[in-house]
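Everything on this sheet refers to the single structure shown next.
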Amino acid sequence: MTLSGMKTVVGMTAMALALGAGAAQAKDTVEVAFIGPLSGGVAANGLGGRNSAELAVALRNQDPDAKYHYELLVLDDECKPNIGVQVATKAAADRDVIAAVTHYCSAVAMATADVYHRFKLPAVVWGAVLPDVTYGNEYPEVHRVNGTMINQNETAAQFMTEQGYKKWVVIHDTTDYGKGHNEHFSKFVTESGGEILETFGVASDQQDFTAELTQAKALAPDVIYFGGLSPLGVRLRRQMEKLGIEAQFEGTSGIVSDAYLQGLGDLAEGSLAFIEGAPLAKLPGGQFFKEQYEAAGYTDPAEAYGPFAFAAMGLVLDTIEAVGPDRGKVIDALGNTEGKDSIVGEITFDDHGQNVVALITKYVAQDGEWLVWDDSEYASGQRSLVNVQ
Amino acid sequence: MDIGLLGQYVINGLMLGMMYALVAVGFTLFFGVLNVIQFSHGDVLMVGSFVGYTAILALAAIGIDNPIIELLGALLASVGVVALLGALIARYLVLPLRSSPPLNTLLITLMLGTVLRESVRLFFPDGSNPKRFPALLPDEAFTFGSFTLRVDSLMLLIAGLLLIVALHLVINRTRLGLAIRAVAQDEETAMTMGINFRLVVLVTFAIGSGVAAFAGVMNGLYYNEINFGNGLLLGVIGFAAAIIGGLGSIYGAILGGFLFAALQTIGSVALPFASAYKDVFAFAVVIVLMAWRPTGLIAERTSERV
């Protein structure tokens with residue numbers, strides 16, 4: 001670098017610093033919260049969400065047009081309802097916190113809805129898919145940017161019966177999340193002519209499934225449907241192989257993660273799953289998000305729900321920008337969200353605060369990656385699923 | 001129920017039982033020599049499986065991909081490191097608290113378990129995700145109707161059995177075993193007979209933890225998956241198995257391990273409720289058994305704790 005070039009850089013840096021300092025002084029600080037599972041079995045998803053929400057805040061703080069300087073309060077709900085209620089209360093009781101982007105685990109989102117209502121803290125759910133989180137109450141405080149498992153399972157049941165599958169064994173964890181999936185999938189699949197041979201509810205931290213799977217094997221189903229999250233999905237799929245069960249493995253949004261693929265290696269091949277939203281590359285702002293996430297240098301992947309956390313935080317910040325840091329006004333403004341652009345597509349809340357733009361994408365694991373079904377060699381006929389009729 | 005299916009349940013149950021038994025043996029050994037409960041034992045097992053996993057990765061990194069060498073490497077590293085860890089726990093956490101109430105030891109080891117678990121999660125690369133444990137054993141399987149017997153499961157069962165036999169021989173046929181039994185029976189008399197009490201305690205903790213490490217690697221090989229939370233439930237079940245067998249009795253612990261696995265299998269197969277309740281069922285039976293035989297199924301022959 002030449003001397004004059006050097007001078008220019010130094011000069012510009014000084015100017016930027018001065019501007020930055022000036023801007024920081026002029027802006028009020030507003031606090032927002034992010035809550036997700038940062039430890040425990042699904043921590044990978046929580047960390048991805050945390051990073052994405054943090055990214056949204058950082059980008060906003062870099063924006064010279066933003067009216068406020070935002071600070072992020074990050075809390076860990078451990079994917080446990082009791083811990084979730086504690087940290088939700090902590091955030092909600094803190095009057096400096098104007099709004100929160102909350103929860104990946106449905107059981108936790110269910111337990112904390114009352115807290116947000118009681119303390120009148122606007123909350124936007126970024127990952128939990130149980131319908132009751134928004135539909136099970138009349139709380140104006142609770143919103144959700146991602147779709148619900150109703151839409152997910154409707155698409156799943158329709159797709160699977162179109163492939164010619166007829167007989168299912170359902171294994172689900174006994175949290176609200178797993179039970180909800182079981183309920184909705186069983187309903188839709190029976191309606192489309194499928195048959196559920198047997199349903200097993202299992203503990204969400206169970207290690208050994210050989211007893212359940214041995215029973216399942218005797219029933220010879222076409223498909224084993226699993227309603228639960230990655231850690232359990234990895235074990236279940238692995239033990240299916242060990243017991244020599246020849247059935248298609250069908251999961252839910254809970255297994256669409258890198259953790260599932262890495263935990264299984266080659267064995268993940270051909271697993272199916274369905275998820276709300278579209279893949280990053282196909283989202284309106286996916287490329288932008290991907291670039292920013294990479295530029296920020298996060299070591300953990302954003303995982304499937306990272307973009308939703310980013311969009312939820314973006315929506316919260318936009319709303320605060322528009323109506324000011326006042327919980328009541330933010331709740332009203334959020335409730336009226338309609339046709340709002342975000343990186344996960346348009347956001348329109350219905351009267352329960354549920355985003356009605358339900359875009360469901362079908363995924364299949366191919367060569368160690370979650371591929372959109374239509375782009376996969378399974379759809380083009382080069383590879384085939386297990387037991388396809 | 002057809003016979004093949006029954007056989008499948010039995011094999012599944014035996015595999016589970018073997019792992020529980022190996023964990024329970026550790027609890028019972030520690031209780032035998034020191035009258036303490038080492039509650040981080042399950043997490044020590046989990047550390048064992050991660051050490052084994054790391055050893056395999058390290059061997060693969062230097063270009064060794066022979067499964068036999070990898071397996072031996074994993075076992076040696078795991079048992080060695082974890083035996084040392086066990087001895088360190090005894091030396092720095094358990095022995096210094098000897099004169100304080102046993103509750104303190106229980107609490108401090110309970111906390112140590114959390115430290116171990118969270119450390120693996122936080123400091124092991126990508127430690128919060130399940131890890132794929134390589135399948136190092138032959139993956140052939142014999143299928144007879146609805147019964148599938150995998151060679152690797154059979155090998156693991158035999159290995160577990162051999163370890164139990166070896167442990168039996170060490171305890172009953174060697175001078176070390178004699179010393180362990182002497183300390184377990186009466187520590188003061190043992191010391192007056194010239195037995196190095198501290199050394200016996202350290203070695204016992206090393207042996208018990210080494211056995212847990214073996215079970216950890218076995219767990220990894222059987223499920224081909226390890227995660228930082230593996231040890232928690234295994235620890236609780238191992239402890240329950242040791243209690244129903246009779247804390248202090250090695251054979252009781254082994255019996256307790258298999259019994260617990262049998263209860264879980266029955267709970268998920270033969271009873272008319274969701275298999276999620278199998279642990280509820282198994283632990284409820286444990287409660288009943290404890291009410292019936294408070295000192296366990298095989299009580300220690302000499303009981304001075306009256």
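Chain labels run A, B, ... following the order of the structure tokens; each chain numbers its residues from 1, and ligands are numbered from 1 in the order shown.
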
Applying 8 Å and only C-alpha atoms, which residues near range 53-59 of chain A remain after dropping the ones on its own chain fewer than 5 positions away? List them as a list in words.
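That gives Phe34, Tyr70, Glu71, Leu72, Val101, Gln292, Tyr293, Ala296, Gly306, Ala309, Phe310, Ala311, Ala312, Met313, Gly314 and Leu317 of chain A.
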
Identify every residue of chain B that has at least one atom within 8 Å of any atom of chain A, counting only C-alpha atoms, and report the result as an MDAnalysis selection string.
chainID B and resid 5 8:9 12 126 128:132 146 148 150 223:225 229:230 265 268:269 274:277

Could you work out how far CA of Arg327 in chain A lies from CA of Glu138 in chain A, giving the answer in Å with one decimal?
17.4 Å

Just list the residues in range 207-351 of chain A DSSP gives helix (DSSP H, G or I) on the backbone, as JSON, numbers by chain.
{"A": [210, 211, 212, 213, 214, 215, 216, 217, 218, 219, 230, 231, 232, 233, 234, 235, 236, 237, 238, 239, 240, 241, 242, 253, 254, 255, 258, 259, 260, 261, 262, 263, 264, 265, 266, 267, 268, 280, 281, 282, 286, 287, 288, 289, 290, 291, 292, 293, 294, 295, 306, 307, 308, 309, 310, 311, 312, 313, 314, 315, 316, 317, 318, 319, 320, 321, 322, 323, 327, 328, 329, 330, 331, 332, 333, 334, 335]}

So which one's closest to Leu202 in chain B, B:Ala21, B:Leu88, B:Val120, B:Ala166? Using only C-alpha atoms, please.
B:Leu88

CA of Val79 in chain B to CA of Ala58 in chain B, straight-line distance in Å:
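Spanning CA of Ala58 in chain B to CA of Val79 in chain B is a straight-line distance of 16.2 Å.
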
Mind checking which residues fall within 7 Å of range 173-189 of chain B, counting only C-alpha atoms, ignoring those fewer than 5 positions away in the same chain, and posting them as an NGL selection string?
:B and (32-33 or 195 or 200)

Store the residues of this selection in a file with C-alpha atoms, as a CSV table (one decimal), in the first residue's frame.
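Output contents, as saved in again.csv:
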chain,number,residue,atom,x,y,z
B,32,GLY,CA,-17.9,-52.0,49.1
B,33,VAL,CA,-14.5,-50.4,49.9
B,195,ILE,CA,-2.9,-53.6,53.7
B,200,VAL,CA,-6.6,-50.4,47.6

Nearby residues (only C-alpha atoms) at most 9 Å from Thr252 in chain A, same-chain spacing under 6 positions excluded, as a ChimeraX atom specification:
/A:149,152-153,156,181,225-229,272-275

Keeping only C-alpha atoms, write the selected residues to a file as a short mmCIF file (atom, residue, chain, number, x, y, z; two decimals), in the first residue's frame.
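Result went into again.cif, see below:
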data_model
loop_
_atom_site.label_atom_id
_atom_site.label_comp_id
_atom_site.auth_asym_id
_atom_site.auth_seq_id
_atom_site.Cartn_x
_atom_site.Cartn_y
_atom_site.Cartn_z
CA MET A 149 -47.25 -29.02 12.28
CA GLN A 152 -46.55 -29.92 7.74
CA ASN A 153 -48.33 -33.20 8.32
CA ALA A 156 -46.50 -35.18 4.48
CA HIS A 181 -47.13 -34.75 15.21
CA TYR A 225 -42.91 -42.40 10.86
CA PHE A 226 -40.95 -40.64 13.56
CA GLY A 227 -42.34 -37.58 15.38
CA GLY A 228 -39.45 -36.13 17.34
CA LEU A 229 -36.10 -34.37 17.22
CA LEU A 272 -37.65 -38.06 4.33
CA ALA A 273 -38.76 -34.99 6.24
CA PHE A 274 -41.08 -32.04 5.83
CA ILE A 275 -40.54 -28.54 7.04
#

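Residues in contact with Leu263 in chain B at up to 8 Å, not including ones fewer than 2 positions away on its chain and judged by only C-alpha atoms, are Leu259, Phe260, Ala261, Thr265, Ile266, Gly267, Lys278, Phe281, Ala282 and Val285 of chain B.
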
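The closest residue to Leu283 in chain A, picked from A:Gly254, A:Gly147, A:Pro307, A:Gly368 and counting only C-alpha atoms, is A:Pro307.
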
I want to know what sits within 9 Å of range 74-78 of chain A, based on only C-alpha atoms, with residues of the same chain fewer than 4 positions away left out; could you give that as a short mmCIF file (atom, residue, chain, number, x, y, z; two decimals) with N, CA and C atoms, in the first residue's frame?
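Below you can see out.cif, which holds the result:
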data_model
loop_
_atom_site.label_atom_id
_atom_site.label_comp_id
_atom_site.auth_asym_id
_atom_site.auth_seq_id
_atom_site.Cartn_x
_atom_site.Cartn_y
_atom_site.Cartn_z
N VAL A 32 -33.84 -6.16 23.55
CA VAL A 32 -34.72 -7.23 23.08
C VAL A 32 -34.12 -8.56 23.53
N ALA A 33 -34.96 -9.59 23.60
CA ALA A 33 -34.46 -10.86 24.12
C ALA A 33 -34.56 -11.96 23.07
N PHE A 34 -33.64 -12.92 23.18
CA PHE A 34 -33.76 -14.15 22.40
C PHE A 34 -33.77 -15.31 23.38
N ILE A 35 -34.72 -16.23 23.24
CA ILE A 35 -34.74 -17.41 24.11
C ILE A 35 -34.80 -18.66 23.24
N GLY A 36 -33.91 -19.59 23.54
CA GLY A 36 -33.88 -20.85 22.80
C GLY A 36 -33.05 -21.86 23.57
N PRO A 37 -33.00 -23.10 23.11
CA PRO A 37 -32.23 -24.13 23.82
C PRO A 37 -30.75 -24.05 23.47
N LEU A 38 -29.96 -23.47 24.35
CA LEU A 38 -28.53 -23.32 24.06
C LEU A 38 -27.71 -24.45 24.66
N SER A 39 -28.36 -25.27 25.49
CA SER A 39 -27.67 -26.45 25.99
C SER A 39 -28.65 -27.60 25.92
N GLY A 40 -28.15 -28.80 26.11
CA GLY A 40 -29.01 -29.98 26.01
C GLY A 40 -28.98 -30.55 24.60
N GLY A 41 -29.81 -31.57 24.39
CA GLY A 41 -29.75 -32.36 23.16
C GLY A 41 -30.02 -31.60 21.87
N VAL A 42 -30.83 -30.55 21.90
CA VAL A 42 -31.13 -29.83 20.66
C VAL A 42 -30.41 -28.48 20.63
N ALA A 43 -29.32 -28.39 21.40
CA ALA A 43 -28.58 -27.13 21.50
C ALA A 43 -28.11 -26.63 20.13
N GLY A 46 -30.66 -24.44 18.78
CA GLY A 46 -30.75 -23.23 19.59
C GLY A 46 -29.62 -22.27 19.28
N ARG A 50 -29.86 -18.59 17.88
CA ARG A 50 -29.26 -17.48 18.64
C ARG A 50 -28.37 -16.64 17.72
N GLU A 54 -28.91 -12.81 16.69
CA GLU A 54 -27.82 -11.89 17.00
C GLU A 54 -27.40 -11.13 15.74
N ASN A 82 -39.86 -26.16 32.47
CA ASN A 82 -39.68 -25.48 33.75
C ASN A 82 -38.61 -24.41 33.68
N ILE A 83 -37.50 -24.73 32.98
CA ILE A 83 -36.43 -23.74 32.81
C ILE A 83 -36.96 -22.61 31.93
N GLY A 84 -37.72 -22.98 30.90
CA GLY A 84 -38.28 -22.00 29.98
C GLY A 84 -39.11 -20.96 30.71
N VAL A 85 -39.94 -21.43 31.63
CA VAL A 85 -40.79 -20.50 32.39
C VAL A 85 -39.93 -19.55 33.23
N GLN A 86 -38.86 -20.11 33.81
CA GLN A 86 -37.96 -19.25 34.61
C GLN A 86 -37.35 -18.14 33.77
N VAL A 87 -36.76 -18.52 32.62
CA VAL A 87 -36.06 -17.50 31.84
C VAL A 87 -37.06 -16.56 31.17
N ALA A 88 -38.23 -17.08 30.79
CA ALA A 88 -39.25 -16.21 30.19
C ALA A 88 -39.69 -15.16 31.21
N LYS A 90 -37.90 -14.08 33.65
CA LYS A 90 -36.76 -13.17 33.82
C LYS A 90 -36.82 -12.07 32.75
N ALA A 91 -37.02 -12.50 31.50
CA ALA A 91 -37.07 -11.52 30.41
C ALA A 91 -38.30 -10.63 30.54
N HIS A 103 -38.18 -19.44 21.65
CA HIS A 103 -38.37 -20.90 21.70
C HIS A 103 -38.36 -21.68 20.38
N CYS A 105 -38.46 -25.24 21.09
CA CYS A 105 -39.17 -26.45 21.53
C CYS A 105 -40.63 -26.12 21.83
N VAL A 108 -41.82 -26.03 25.49
CA VAL A 108 -41.42 -24.82 26.20
C VAL A 108 -42.29 -23.63 25.77
#

Interatomic distance, CA of Ala107 in chain A to CA of Lys120 in chain A (Å, one decimal)
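These atoms are spaced 20.4 Å apart.
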
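Among A:Asn146, A:Pro325, A:Arg237, A:Asn61, the residue with the shortest atom-to-atom distance to Val357 in chain A, counting only C-alpha atoms, is A:Asn146.
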